[in-house]
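final04.txt (compact mmCIF, C-alpha atoms)
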```txt
# COMPACT_ATOMS: atom_id res chain seq x y z
CA MET C 1169 -83.84 14.10 -4.03
CA SER C 1170 -81.60 12.51 -1.52
CA ASP C 1171 -79.52 10.94 -4.27
CA ASP C 1172 -79.18 14.28 -6.06
CA GLU C 1173 -78.20 15.99 -2.85
CA THR C 1174 -75.69 13.32 -2.15
CA GLN C 1175 -74.17 13.65 -5.62
CA THR C 1176 -74.14 17.42 -5.28
CA GLN C 1177 -72.39 17.22 -1.91
CA THR C 1178 -69.95 14.74 -3.33
CA ARG C 1179 -69.18 17.00 -6.29
CA THR C 1180 -68.79 20.02 -4.02
CA LEU C 1181 -66.70 18.26 -1.39
CA SER C 1182 -64.47 16.33 -3.76
CA PRO C 1183 -62.44 19.32 -4.95
CA ALA C 1184 -61.89 20.39 -1.38
CA THR C 1185 -61.02 16.92 -0.31
CA THR C 1186 -58.77 16.46 -3.33
CA ALA C 1187 -57.05 19.75 -2.74
CA ASP C 1188 -56.56 18.89 0.90
CA THR C 1189 -55.12 15.54 -0.11
CA LEU C 1190 -52.81 17.13 -2.65
CA THR C 1191 -51.57 19.67 -0.16
CA LYS C 1192 -51.10 17.24 2.69
CA THR C 1193 -49.81 14.12 1.00
CA PRO C 1194 -46.67 15.55 -0.64
CA ALA C 1195 -45.64 17.29 2.55
CA PRO C 1196 -43.96 14.27 4.12
CA GLN C 1197 -42.22 13.52 0.80
CA ALA C 1198 -40.96 17.05 0.58
CA SER C 1199 -39.71 16.91 4.11
CA GLN C 1200 -38.02 13.58 3.51
CA ALA C 1201 -36.19 14.69 0.37
CA PRO C 1202 -33.82 17.11 2.10
CA GLN C 1203 -33.05 14.43 4.70
CA ALA C 1204 -32.11 11.85 2.05
CA ALA C 1205 -29.89 14.21 0.07
CA PRO C 1206 -27.02 14.48 2.58
CA ALA C 1207 -26.83 10.70 2.94
CA ALA C 1208 -26.55 10.25 -0.80
CA ALA C 1209 -24.18 13.14 -1.35
CA GLY C 1210 -20.52 12.25 -1.57
CA PRO C 1211 -17.60 14.11 -0.04
CA SER C 1212 -17.12 17.68 -1.17
CA PRO C 1213 -14.45 18.46 -3.79
CA TRP C 1214 -12.19 20.18 -1.27
CA LEU C 1215 -12.42 17.14 1.00
CA LEU C 1216 -11.42 14.87 -1.89
CA ARG C 1217 -8.44 17.12 -2.61
CA LEU C 1218 -7.46 16.94 1.06
CA ALA C 1219 -7.79 13.14 0.91
CA ALA C 1220 -5.52 13.02 -2.14
CA ILE C 1221 -2.92 15.19 -0.37
CA GLY C 1222 -3.10 13.02 2.75
CA LEU C 1223 -2.75 9.88 0.64
CA VAL C 1224 0.40 11.19 -1.06
CA LEU C 1225 1.98 12.40 2.20
CA ALA C 1226 1.24 9.08 3.89
CA ALA C 1227 2.75 7.14 0.98
CA LEU C 1228 5.90 9.27 1.08
CA ASN C 1229 6.43 8.11 4.68
CA LEU C 1230 6.01 4.37 4.14
CA ARG C 1231 9.71 3.65 3.43
CA PRO C 1232 12.12 6.42 4.63
CA ALA C 1233 12.34 4.84 8.09
CA VAL C 1234 13.84 1.79 6.34
CA THR C 1235 15.84 3.18 3.44
CA SER C 1236 17.35 6.09 5.40
CA LEU C 1237 19.01 3.62 7.76
CA GLY C 1238 20.96 1.63 5.14
CA PRO C 1239 23.38 4.41 4.09
CA LEU C 1240 24.13 5.20 7.76
CA LEU C 1241 24.12 1.65 9.13
CA GLU C 1242 27.88 1.61 9.72
CA GLU C 1243 27.74 4.89 11.65
CA VAL C 1244 24.76 3.69 13.68
CA GLN C 1245 26.49 0.41 14.43
CA ASN C 1246 29.63 2.18 15.66
CA GLY C 1247 27.70 4.82 17.59
CA LEU C 1248 25.59 2.29 19.48
CA HIS C 1249 28.35 -0.36 19.73
CA MET C 1250 26.04 -2.72 17.88
CA SER C 1251 27.33 -6.16 16.98
CA GLY C 1252 27.35 -7.36 13.40
CA SER C 1253 24.74 -10.02 14.10
CA VAL C 1254 22.37 -7.47 15.63
CA ALA C 1255 22.91 -5.20 12.63
CA GLY C 1256 22.00 -8.13 10.40
CA VAL C 1257 18.82 -8.72 12.39
CA LEU C 1258 17.99 -5.02 12.07
CA THR C 1259 17.95 -5.30 8.28
CA SER C 1260 15.50 -8.23 8.51
CA VAL C 1261 13.11 -6.50 10.92
CA PRO C 1262 11.05 -4.48 8.38
CA PRO C 1263 9.34 -7.36 6.53
CA LEU C 1264 8.80 -9.18 9.81
CA CYS C 1265 7.12 -6.12 11.36
CA PHE C 1266 5.10 -5.54 8.20
CA ALA C 1267 3.75 -9.09 8.44
CA VAL C 1268 3.10 -9.19 12.20
CA PHE C 1269 1.64 -5.72 12.71
CA GLY C 1270 -0.22 -5.70 9.39
CA ILE C 1271 -2.53 -8.41 10.72
CA MET C 1272 -3.84 -5.90 13.28
CA ALA C 1273 -5.06 -3.46 10.62
CA PRO C 1274 -8.51 -4.96 9.85
CA ARG C 1275 -9.58 -5.09 13.49
CA LEU C 1276 -8.34 -1.56 14.12
CA ALA C 1277 -10.08 -0.33 10.97
CA ARG C 1278 -13.39 -1.88 12.06
CA ARG C 1279 -13.09 -0.29 15.48
CA PHE C 1280 -11.83 3.19 14.62
CA GLY C 1281 -12.13 3.57 10.84
CA PRO C 1282 -9.36 3.27 8.21
CA GLY C 1283 -8.64 7.01 8.15
CA ALA C 1284 -8.16 7.22 11.91
CA VAL C 1285 -5.85 4.20 11.88
CA VAL C 1286 -3.70 5.68 9.10
CA CYS C 1287 -3.50 8.94 11.05
CA ALA C 1288 -2.41 6.99 14.13
CA GLY C 1289 0.12 5.16 11.95
CA MET C 1290 1.63 8.48 10.86
CA ILE C 1291 1.84 9.50 14.53
CA ALA C 1292 3.64 6.23 15.34
CA ILE C 1293 6.09 6.80 12.47
CA THR C 1294 6.77 10.34 13.68
CA ALA C 1295 7.31 9.22 17.27
CA GLY C 1296 9.58 6.35 16.26
CA LEU C 1297 11.74 8.56 14.04
CA VAL C 1298 12.03 11.19 16.78
CA ILE C 1299 12.87 8.71 19.54
CA ARG C 1300 15.23 6.49 17.55
CA PRO C 1301 18.18 8.92 17.37
CA LEU C 1302 17.75 10.00 20.99
CA VAL C 1303 18.15 6.61 22.66
CA GLY C 1304 21.57 5.55 23.83
CA GLY C 1305 21.42 1.81 23.38
CA THR C 1306 20.68 -0.94 20.90
CA ALA C 1307 17.49 -2.11 22.66
CA GLY C 1308 15.96 1.35 22.61
CA PHE C 1309 16.94 1.86 18.98
CA LEU C 1310 15.27 -1.43 18.00
CA ALA C 1311 12.14 -0.57 20.02
CA ALA C 1312 11.83 2.86 18.41
CA SER C 1313 12.37 1.36 14.98
CA ALA C 1314 9.64 -1.20 15.70
CA LEU C 1315 7.26 1.62 16.68
CA ALA C 1316 7.83 3.36 13.35
CA LEU C 1317 7.53 0.07 11.47
CA MET C 1318 4.24 -0.69 13.24
CA GLY C 1319 2.83 2.58 11.91
CA ILE C 1320 4.11 1.70 8.44
CA ALA C 1321 2.63 -1.81 8.62
CA VAL C 1322 -0.96 -0.78 9.38
CA SER C 1323 -0.78 2.05 6.84
CA ASN C 1324 0.58 -0.36 4.20
CA VAL C 1325 -2.50 -2.53 4.58
CA LEU C 1326 -5.02 0.32 4.65
CA MET C 1327 -3.78 2.38 1.70
CA PRO C 1328 -5.80 0.31 -0.83
CA VAL C 1329 -8.79 0.62 1.52
CA ILE C 1330 -8.50 4.40 1.62
CA VAL C 1331 -8.39 4.50 -2.17
CA LYS C 1332 -11.43 2.20 -2.48
CA ARG C 1333 -13.44 4.26 0.00
CA TRP C 1334 -12.62 7.78 -1.14
CA PHE C 1335 -12.04 7.21 -4.86
CA PRO C 1336 -14.11 4.16 -5.89
CA ASP C 1337 -14.32 5.33 -9.50
CA ARG C 1338 -10.58 6.10 -9.72
CA VAL C 1339 -8.93 3.09 -8.12
CA GLY C 1340 -6.27 2.76 -10.83
CA SER C 1341 -5.22 6.41 -11.03
CA MET C 1342 -5.16 6.96 -7.25
CA THR C 1343 -3.31 3.69 -6.64
CA GLY C 1344 -0.80 4.85 -9.23
CA LEU C 1345 -0.48 8.21 -7.50
CA TYR C 1346 0.29 6.83 -4.07
CA SER C 1347 2.48 4.05 -5.49
CA MET C 1348 4.52 6.71 -7.26
CA ALA C 1349 4.76 8.69 -4.02
CA LEU C 1350 5.86 5.53 -2.18
CA ALA C 1351 8.59 4.88 -4.75
CA LEU C 1352 9.67 8.51 -4.55
CA GLY C 1353 9.93 8.38 -0.76
CA THR C 1354 11.89 5.14 -0.99
CA SER C 1355 14.50 6.42 -3.42
CA LEU C 1356 14.63 9.93 -1.94
CA ALA C 1357 15.52 8.70 1.54
CA ALA C 1358 18.21 6.39 0.16
CA ALA C 1359 19.72 9.13 -2.02
CA VAL C 1360 19.71 12.23 0.18
CA THR C 1361 20.17 10.90 3.73
CA VAL C 1362 23.98 11.01 3.55
CA PRO C 1363 24.18 14.51 1.97
CA VAL C 1364 21.65 15.82 4.49
CA THR C 1365 23.63 14.23 7.31
CA ASN C 1366 26.79 15.96 6.12
CA ALA C 1367 24.96 19.27 5.82
CA LEU C 1368 23.72 18.90 9.41
CA GLY C 1369 27.21 18.47 10.81
CA GLY C 1370 27.85 14.80 10.09
CA SER C 1371 25.71 13.42 12.93
CA TRP C 1372 23.89 10.23 12.03
CA LYS C 1373 21.29 11.11 14.66
CA ALA C 1374 20.34 14.27 12.82
CA GLY C 1375 20.39 12.46 9.48
CA LEU C 1376 17.89 9.87 10.70
CA GLY C 1377 15.77 12.23 12.79
CA ILE C 1378 15.15 14.75 10.01
CA TRP C 1379 12.68 12.35 8.37
CA ALA C 1380 10.32 12.86 11.31
CA VAL C 1381 9.48 16.27 9.81
CA LEU C 1382 7.96 14.63 6.74
CA ALA C 1383 5.96 12.24 8.93
CA ALA C 1384 4.67 15.12 11.05
CA ALA C 1385 3.42 16.86 7.91
CA ALA C 1386 1.41 13.73 7.08
CA VAL C 1387 -0.14 13.76 10.56
CA LEU C 1388 -1.27 17.35 10.11
CA SER C 1389 -2.97 16.50 6.82
CA TRP C 1390 -4.87 13.52 8.28
CA ILE C 1391 -6.26 15.09 11.47
CA PRO C 1392 -8.81 17.40 9.77
CA LEU C 1393 -9.48 14.70 7.18
CA VAL C 1394 -10.58 12.18 9.81
CA ARG C 1395 -12.75 14.71 11.64
CA ASP C 1396 -14.44 16.01 8.50
CA ARG C 1397 -14.99 12.50 7.16
CA ARG C 1398 -16.93 11.51 10.26
CA ALA C 1399 -19.03 14.64 10.09
CA ALA C 1400 -19.76 14.16 6.39
CA SER C 1401 -20.76 10.53 6.68
CA GLY C 1402 -22.94 11.04 9.74
CA GLN C 1403 -21.34 8.06 11.46
CA PRO C 1404 -17.87 6.80 12.28
CA ALA C 1405 -16.02 5.41 9.30
CA ALA C 1406 -15.42 2.16 11.15
CA HIS C 1407 -18.84 0.72 10.27
CA HIS C 1408 -18.42 -1.89 7.56
CA GLN C 1409 -21.89 -3.31 7.18
CA ASP C 1410 -21.68 -3.59 3.42
CA SER C 1411 -20.03 -6.99 3.42
CA PRO C 1412 -20.70 -10.23 5.29
CA ALA C 1413 -17.94 -12.02 7.12
CA LEU C 1414 -15.56 -13.63 4.66
CA ARG C 1415 -13.39 -16.69 5.19
CA ILE C 1416 -10.55 -15.28 3.17
CA THR C 1417 -8.49 -18.47 3.27
CA ARG C 1418 -11.11 -20.22 1.12
CA SER C 1419 -10.45 -17.89 -1.80
CA ARG C 1420 -8.02 -19.03 -4.50
CA THR C 1421 -7.77 -15.43 -5.64
CA ALA C 1422 -6.70 -14.31 -2.14
CA TRP C 1423 -4.01 -17.01 -2.03
CA GLY C 1424 -2.88 -16.07 -5.52
CA LEU C 1425 -2.54 -12.44 -4.48
CA ALA C 1426 -0.67 -13.39 -1.29
CA CYS C 1427 1.81 -15.53 -3.22
CA PHE C 1428 2.22 -12.90 -5.92
CA PHE C 1429 2.80 -10.20 -3.31
CA GLY C 1430 5.27 -12.36 -1.40
CA LEU C 1431 7.30 -13.38 -4.44
CA GLN C 1432 7.52 -9.85 -5.83
CA SER C 1433 8.60 -8.63 -2.35
CA THR C 1434 11.25 -11.36 -2.29
CA ALA C 1435 12.59 -10.18 -5.65
CA ALA C 1436 12.59 -6.56 -4.51
CA TYR C 1437 14.47 -7.24 -1.26
CA ILE C 1438 17.00 -9.46 -3.05
CA THR C 1439 17.55 -6.71 -5.63
CA MET C 1440 18.01 -4.00 -3.00
CA GLY C 1441 20.29 -6.15 -0.88
CA TRP C 1442 22.48 -7.96 -3.40
CA MET C 1443 22.39 -6.37 -6.85
CA PRO C 1444 25.14 -3.78 -6.14
CA GLN C 1445 27.44 -6.52 -4.88
CA ILE C 1446 26.75 -8.64 -7.99
CA PHE C 1447 27.84 -5.72 -10.16
CA ARG C 1448 30.89 -4.98 -8.00
CA ASP C 1449 32.06 -8.59 -8.12
CA ALA C 1450 31.72 -8.38 -11.91
CA GLY C 1451 34.18 -5.47 -12.02
CA VAL C 1452 31.84 -2.49 -11.81
CA SER C 1453 33.04 0.27 -9.48
CA ALA C 1454 31.27 0.80 -6.15
CA GLY C 1455 30.00 4.23 -7.19
CA THR C 1456 28.58 2.95 -10.46
CA ALA C 1457 26.98 -0.03 -8.70
CA GLY C 1458 25.18 2.37 -6.37
CA VAL C 1459 23.95 4.43 -9.33
CA LEU C 1460 22.72 1.26 -11.05
CA LEU C 1461 20.67 0.39 -7.97
CA ALA C 1462 19.28 3.93 -7.92
CA VAL C 1463 18.26 3.55 -11.57
CA THR C 1464 16.49 0.28 -10.75
CA MET C 1465 14.56 1.86 -7.89
CA ALA C 1466 13.82 5.05 -9.84
CA MET C 1467 12.02 3.07 -12.55
CA GLY C 1468 9.24 2.62 -10.04
CA ILE C 1469 8.43 6.32 -9.93
CA PRO C 1470 6.91 6.79 -13.41
CA LEU C 1471 5.78 3.20 -13.93
CA ALA C 1472 4.05 3.06 -10.55
CA PHE C 1473 1.72 5.74 -11.87
CA VAL C 1474 1.18 4.25 -15.33
CA ILE C 1475 0.76 0.53 -14.55
CA PRO C 1476 -2.18 0.82 -12.09
CA ARG C 1477 -4.07 3.08 -14.50
CA VAL C 1478 -3.65 0.55 -17.31
CA ALA C 1479 -4.44 -2.40 -15.04
CA ALA C 1480 -7.65 -0.80 -13.77
CA ARG C 1481 -8.97 -0.61 -17.33
CA MET C 1482 -8.40 -4.32 -17.92
CA LYS C 1483 -10.68 -7.08 -16.71
CA ASN C 1484 -7.77 -9.51 -16.51
CA GLN C 1485 -4.33 -8.31 -15.39
CA GLY C 1486 -2.55 -11.52 -16.38
CA PRO C 1487 -0.88 -10.01 -19.49
CA ILE C 1488 0.75 -7.29 -17.38
CA VAL C 1489 1.97 -9.93 -14.93
CA VAL C 1490 3.58 -11.87 -17.78
CA ALA C 1491 5.14 -8.75 -19.31
CA LEU C 1492 6.74 -7.69 -16.01
CA GLY C 1493 7.92 -11.22 -15.27
CA SER C 1494 9.47 -11.53 -18.73
CA CYS C 1495 11.49 -8.36 -18.09
CA GLY C 1496 12.72 -9.93 -14.88
CA LEU C 1497 13.73 -13.17 -16.59
CA ILE C 1498 15.67 -11.27 -19.28
CA GLY C 1499 17.34 -9.10 -16.64
CA TYR C 1500 18.46 -12.10 -14.60
CA ALA C 1501 19.70 -13.85 -17.72
CA GLY C 1502 21.78 -10.77 -18.49
CA LEU C 1503 23.20 -10.71 -14.98
CA TYR C 1504 24.20 -14.34 -15.39
CA LEU C 1505 25.75 -14.07 -18.86
CA ALA C 1506 27.21 -10.55 -19.03
CA PRO C 1507 26.74 -8.64 -15.74
CA ALA C 1508 29.22 -5.85 -16.49
CA GLU C 1509 28.81 -5.46 -20.24
CA GLY C 1510 25.06 -4.85 -20.17
CA ALA C 1511 24.76 -3.54 -16.62
CA TRP C 1512 22.57 -0.54 -17.50
CA ALA C 1513 20.14 -2.65 -19.53
CA TRP C 1514 19.82 -5.24 -16.75
CA ALA C 1515 19.24 -2.52 -14.16
CA LEU C 1516 16.44 -1.03 -16.29
CA LEU C 1517 14.79 -4.40 -16.91
CA LEU C 1518 14.89 -5.38 -13.24
CA GLY C 1519 13.47 -1.96 -12.34
CA ILE C 1520 10.54 -2.63 -14.67
CA SER C 1521 10.07 -6.08 -13.16
CA ASN C 1522 9.97 -4.63 -9.64
CA CYS C 1523 6.88 -2.64 -10.65
CA ALA C 1524 4.87 -5.74 -9.83
CA PHE C 1525 4.38 -4.04 -6.44
CA PRO C 1526 1.95 -1.31 -7.60
CA LEU C 1527 0.24 -3.90 -9.77
CA ALA C 1528 -0.35 -6.08 -6.70
CA LEU C 1529 -1.81 -3.10 -4.81
CA THR C 1530 -4.13 -2.34 -7.71
CA MET C 1531 -5.39 -5.92 -7.86
CA ILE C 1532 -6.07 -5.87 -4.11
CA GLY C 1533 -8.42 -2.94 -4.66
CA MET C 1534 -10.13 -4.66 -7.61
CA ARG C 1535 -10.61 -8.17 -6.20
CA SER C 1536 -13.33 -7.25 -3.69
CA ARG C 1537 -16.68 -5.53 -4.10
CA SER C 1538 -16.66 -3.78 -0.72
CA GLY C 1539 -14.40 -1.73 1.50
CA ALA C 1540 -14.61 -4.37 4.23
CA GLY C 1541 -13.50 -7.03 1.75
CA VAL C 1542 -10.55 -4.90 0.63
CA VAL C 1543 -9.47 -4.52 4.28
CA ARG C 1544 -9.42 -8.27 4.81
CA LEU C 1545 -7.82 -9.02 1.46
CA SER C 1546 -5.13 -6.36 1.89
CA ALA C 1547 -4.23 -7.59 5.37
CA PHE C 1548 -4.12 -11.23 4.29
CA ALA C 1549 -2.17 -10.69 1.08
CA GLN C 1550 0.40 -8.30 2.55
CA SER C 1551 0.95 -10.06 5.88
CA THR C 1552 1.26 -13.49 4.26
CA GLY C 1553 3.38 -12.05 1.46
CA TYR C 1554 5.84 -10.27 3.73
CA LEU C 1555 6.27 -13.44 5.79
CA MET C 1556 7.10 -15.31 2.58
CA SER C 1557 9.70 -12.70 1.61
CA ILE C 1558 11.81 -12.94 4.78
CA PRO C 1559 13.96 -16.00 3.86
CA GLY C 1560 14.75 -14.89 0.30
CA PRO C 1561 17.64 -12.44 0.82
CA LEU C 1562 19.16 -14.67 3.53
CA LEU C 1563 18.98 -17.72 1.27
CA VAL C 1564 20.72 -15.86 -1.56
CA GLY C 1565 23.54 -14.89 0.81
CA VAL C 1566 23.97 -18.47 2.05
CA ILE C 1567 24.01 -19.93 -1.48
CA HIS C 1568 26.54 -17.32 -2.61
CA GLN C 1569 28.79 -18.04 0.35
CA HIS C 1570 28.77 -21.81 -0.19
CA SER C 1571 28.94 -21.77 -3.99
CA GLY C 1572 31.61 -19.09 -4.21
CA GLY C 1573 29.89 -17.24 -7.05
CA TRP C 1574 26.69 -15.65 -8.23
CA GLY C 1575 25.56 -18.25 -10.77
CA LEU C 1576 23.34 -20.30 -8.45
CA PRO C 1577 21.84 -17.28 -6.62
CA ILE C 1578 20.92 -15.64 -9.95
CA ALA C 1579 19.41 -18.93 -11.12
CA LEU C 1580 17.33 -19.00 -7.95
CA MET C 1581 16.13 -15.42 -8.57
CA ALA C 1582 15.12 -16.30 -12.10
CA GLY C 1583 13.45 -19.51 -10.96
CA LEU C 1584 11.29 -17.64 -8.45
CA MET C 1585 10.01 -15.44 -11.28
CA VAL C 1586 8.12 -18.40 -12.77
CA PRO C 1587 5.83 -19.08 -9.77
CA GLN C 1588 5.45 -15.31 -9.38
CA MET C 1589 3.96 -15.11 -12.85
CA ALA C 1590 1.73 -18.14 -12.20
CA ALA C 1591 0.41 -16.61 -8.96
CA GLY C 1592 -0.13 -13.25 -10.67
CA ILE C 1593 -2.13 -14.84 -13.47
CA LEU C 1594 -4.31 -16.55 -10.86
CA ALA C 1595 -4.79 -13.30 -8.94
CA GLY C 1596 -5.44 -11.27 -12.09
CA ARG C 1597 -8.59 -13.12 -13.18
CA ASP C 1598 -11.82 -11.13 -13.39
CA ARG C 1599 -13.45 -12.23 -10.15
CA THR C 1600 -13.78 -11.14 -6.53
CA ILE C 1601 -13.17 -12.89 -3.23
CA GLU C 1602 -16.90 -12.66 -2.49
CA ASP C 1603 -17.49 -14.97 -5.47
CA GLU C 1604 -15.24 -17.62 -3.93
CA CYS C 1605 -16.07 -17.29 -0.22
```

Please lay out the structure from this file as structure tokens.
Amino acid sequence: MSDDETQTQTRTLSPATTADTLTKTPAPQASQAPQAAPAAAGPSPWLLRLAAIGLVLAALNLRPAVTSLGPLLEEVQNGLHMSGSVAGVLTSVPPLCFAVFGIMAPRLARRFGPGAVVCAGMIAITAGLVIRPLVGGTAGFLAASALALMGIAVSNVLMPVIVKRWFPDRVGSMTGLYSMALALGTSLAAAVTVPVTNALGGSWKAGLGIWAVLAAAAVLSWIPLVRDRRAASGQPAAHHQDSPALRITRSRTAWGLACFFGLQSTAAYITMGWMPQIFRDAGVSAGTAGVLLAVTMAMGIPLAFVIPRVAARMKNQGPIVVALGSCGLIGYAGLYLAPAEGAWAWALLLGISNCAFPLALTMIGMRSRSGAGVVRLSAFAQSTGYLMSIPGPLLVGVIHQHSGGWGLPIALMAGLMVPQMAAGILAGRDRTIEDEC
């Protein structure tokens, strides 16, 4: 009887116990599910659109502080009683600042988050562009220019990081978008600064200062973006716990990217600084030489959007490196053999070759598995690369002065294209810096 009673009690209690278990056990799981959902959810669509707008506005401001000065350099020099040697130093300051201040970007990004640092960079650009025309001396002008260039330098380094963080599945297309915006800002400032200056009464101060309006617009787009990003992630964006510490100098890929970035920057600065004079010395008019340079720079607008998209779909970017380098070699050969006769063709080919810049930015975003790795790689490649690019334009000028012609300088330009292609092939292999460190 006791066994039957026990079995009966067991049969009668089991449903109750089972029901109680079924009602109580899922409760913690149900309560945990809503908590896990926000952590897994990505940014909202409107926030992604705001990030894209902020990315484009930031990219538009990464060169006008530099390219708006060139057309008005003579007026600035006369207005500030600036010596010729100081004016020459002023033209060499941008790559130096990009290299020196760019090194600060990873530490600032870890402390404050990449978005906050880019926002601060836009503020620095705005302040520098506002202050620069208001100072009355050369020292103040150089200091204000350095402030703007510091903002450009840290933003240069962190643009690939922003793309990797916000658009990890669209690295190629978003890199192309901001590269196109960067090229547009570069050519726009060079083309319209003088007409805008004339429209504002002919004052070089107004012509330079007007670009602060564009920088201020970028600041306004980044302020809500940084605040909403922190709220959406539940923690400051500065936490980079997804990647261990990397000794970047041990990576052959990192060195390949640094050399590729530095050599393509050297070619770009030589082109911007000397190509018009090469055409003029060949008998091309000054006006046409300026248009030819504009054509070369304008090639970067459409191709900067196309090349990153194509590169992101390829495991190895070496073929693109070779194609761009071949265009450069043909362009330099044309400048050497028939600079005036085929001037338009050489300008187009060199414009295509200069699109190695957006390709380098795309590879930076692809050669690391984490946002923290991209920060370190971007800072290393760009800072080292910009340091490498400083002597190039000066060396071309010295060789031209001592040789009395453009044959040797053009040969040097073409010769540098060979190691550029070799470094690009090394950097374009399908591997990450984490594999090598």

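Straight-line separation from CA of Ser1557 in chain C to CA of Ser1251 in chain C: 24.3 Å.
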
Do a neighbour search on range 1262-1270 of chain C at 10 Å with all atoms listed in the file, toss out local chain neighbours closer than 6 positions, and write the hits as a compact mmCIF listing (two decimals) with C-alpha atoms, keeping the file's coordinate frame.
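Okay, selection19.txt is ready:
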```txt
# COMPACT_ATOMS: atom_id res chain seq x y z
CA ARG C 1231 9.71 3.65 3.43
CA ALA C 1233 12.34 4.84 8.09
CA VAL C 1234 13.84 1.79 6.34
CA SER C 1313 12.37 1.36 14.98
CA ALA C 1314 9.64 -1.20 15.70
CA LEU C 1315 7.26 1.62 16.68
CA ALA C 1316 7.83 3.36 13.35
CA LEU C 1317 7.53 0.07 11.47
CA MET C 1318 4.24 -0.69 13.24
CA GLY C 1319 2.83 2.58 11.91
CA ILE C 1320 4.11 1.70 8.44
CA ALA C 1321 2.63 -1.81 8.62
CA VAL C 1322 -0.96 -0.78 9.38
CA SER C 1323 -0.78 2.05 6.84
CA ASN C 1324 0.58 -0.36 4.20
CA VAL C 1325 -2.50 -2.53 4.58
CA LEU C 1326 -5.02 0.32 4.65
CA SER C 1433 8.60 -8.63 -2.35
CA THR C 1434 11.25 -11.36 -2.29
CA TYR C 1437 14.47 -7.24 -1.26
CA SER C 1546 -5.13 -6.36 1.89
CA ALA C 1547 -4.23 -7.59 5.37
CA PHE C 1548 -4.12 -11.23 4.29
CA ALA C 1549 -2.17 -10.69 1.08
CA GLN C 1550 0.40 -8.30 2.55
CA SER C 1551 0.95 -10.06 5.88
CA THR C 1552 1.26 -13.49 4.26
CA GLY C 1553 3.38 -12.05 1.46
CA TYR C 1554 5.84 -10.27 3.73
CA LEU C 1555 6.27 -13.44 5.79
CA MET C 1556 7.10 -15.31 2.58
CA SER C 1557 9.70 -12.70 1.61
CA ILE C 1558 11.81 -12.94 4.78
```

**Message:** Taking 2 positions as the minimum chain separation for residues in the same chain, which residues sit within 10 Å of range 1327-1334 of chain C when counting all atoms listed in the file? Answer as a PyMOL selection string.
**Reply:** chain C and resi 1210-1211+1215-1216+1219-1220+1223+1226-1227+1277+1281-1283+1286+1322-1325+1336-1343+1346-1347+1397+1405+1529-1534+1536-1546

**Item:** Distance of CA of Arg1597 in chain C from CA of Gln1485 in chain C, expressed in Å to one decimal place
**Value:** 6.8 Å

Excluding Leu1237 in chain C and any residue of its chain fewer than 6 positions from it, enumerate the residues within 10 Å of it, using only C-alpha atoms, and give them as a PDB file with C-alpha atoms, in the coordinates of the input.
```pdb
ATOM      1  CA  GLU C1243      27.740   4.890  11.650  1.00  0.00           C
ATOM      2  CA  VAL C1244      24.760   3.690  13.680  1.00  0.00           C
ATOM      3  CA  LEU C1258      17.990  -5.020  12.070  1.00  0.00           C
ATOM      4  CA  THR C1259      17.950  -5.300   8.280  1.00  0.00           C
ATOM      5  CA  ALA C1357      15.520   8.700   1.540  1.00  0.00           C
ATOM      6  CA  ALA C1358      18.210   6.390   0.160  1.00  0.00           C
ATOM      7  CA  THR C1361      20.170  10.900   3.730  1.00  0.00           C
ATOM      8  CA  VAL C1362      23.980  11.010   3.550  1.00  0.00           C
ATOM      9  CA  TRP C1372      23.890  10.230  12.030  1.00  0.00           C
ATOM     10  CA  GLY C1375      20.390  12.460   9.480  1.00  0.00           C
ATOM     11  CA  LEU C1376      17.890   9.870  10.700  1.00  0.00           C
TER      12      LEU C1376
END
```

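You will find CA of Leu1393 in chain C at 27.0 Å from CA of Phe1525 in chain C.
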
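The shortest atom-to-atom distance to Ile1391 in chain C, with all atoms listed in the file taken into account, belongs to C:Ala1284 out of C:Ile1601, C:Asn1366, C:Ala1311, C:Ala1284.
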
Residues near Pro1301 in chain C, anyone? I mean within 8 Å using all atoms listed in the file, not counting same-chain ones fewer than 4 positions away, as a PDB file with C-alpha atoms, keeping the file's coordinate frame.
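See selection18.pdb below for the written result:
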```
ATOM      1  CA  LEU C1297      11.740   8.560  14.040  1.00  0.00           C
ATOM      2  CA  PHE C1309      16.940   1.860  18.980  1.00  0.00           C
ATOM      3  CA  TRP C1372      23.890  10.230  12.030  1.00  0.00           C
ATOM      4  CA  LYS C1373      21.290  11.110  14.660  1.00  0.00           C
ATOM      5  CA  ALA C1374      20.340  14.270  12.820  1.00  0.00           C
ATOM      6  CA  LEU C1376      17.890   9.870  10.700  1.00  0.00           C
ATOM      7  CA  GLY C1377      15.770  12.230  12.790  1.00  0.00           C
TER       8      GLY C1377
END
```

**Surrounding residues of range 1498-1507 of chain C excluding itself and chain neighbours under 4 positions, 8 Å, only C-alpha atoms, as an MDAnalysis selection string** = chainID C and resid 1446:1447 1450 1494 1511 1513:1515 1517:1518 1574:1575 1578:1579 1581:1582

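Restricting the calculation to only C-alpha atoms, the smallest distance between Ser1355 in chain C and any of C:Leu1562, C:Leu1461, C:Cys1605, C:Val1224 is found for C:Leu1461.
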
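With only C-alpha atoms as the atoms that count, the minimum distance from Gln1445 in chain C to the choices C:Val1474, C:Ala1457, C:Leu1563, C:Ala1591 is reached by C:Ala1457.
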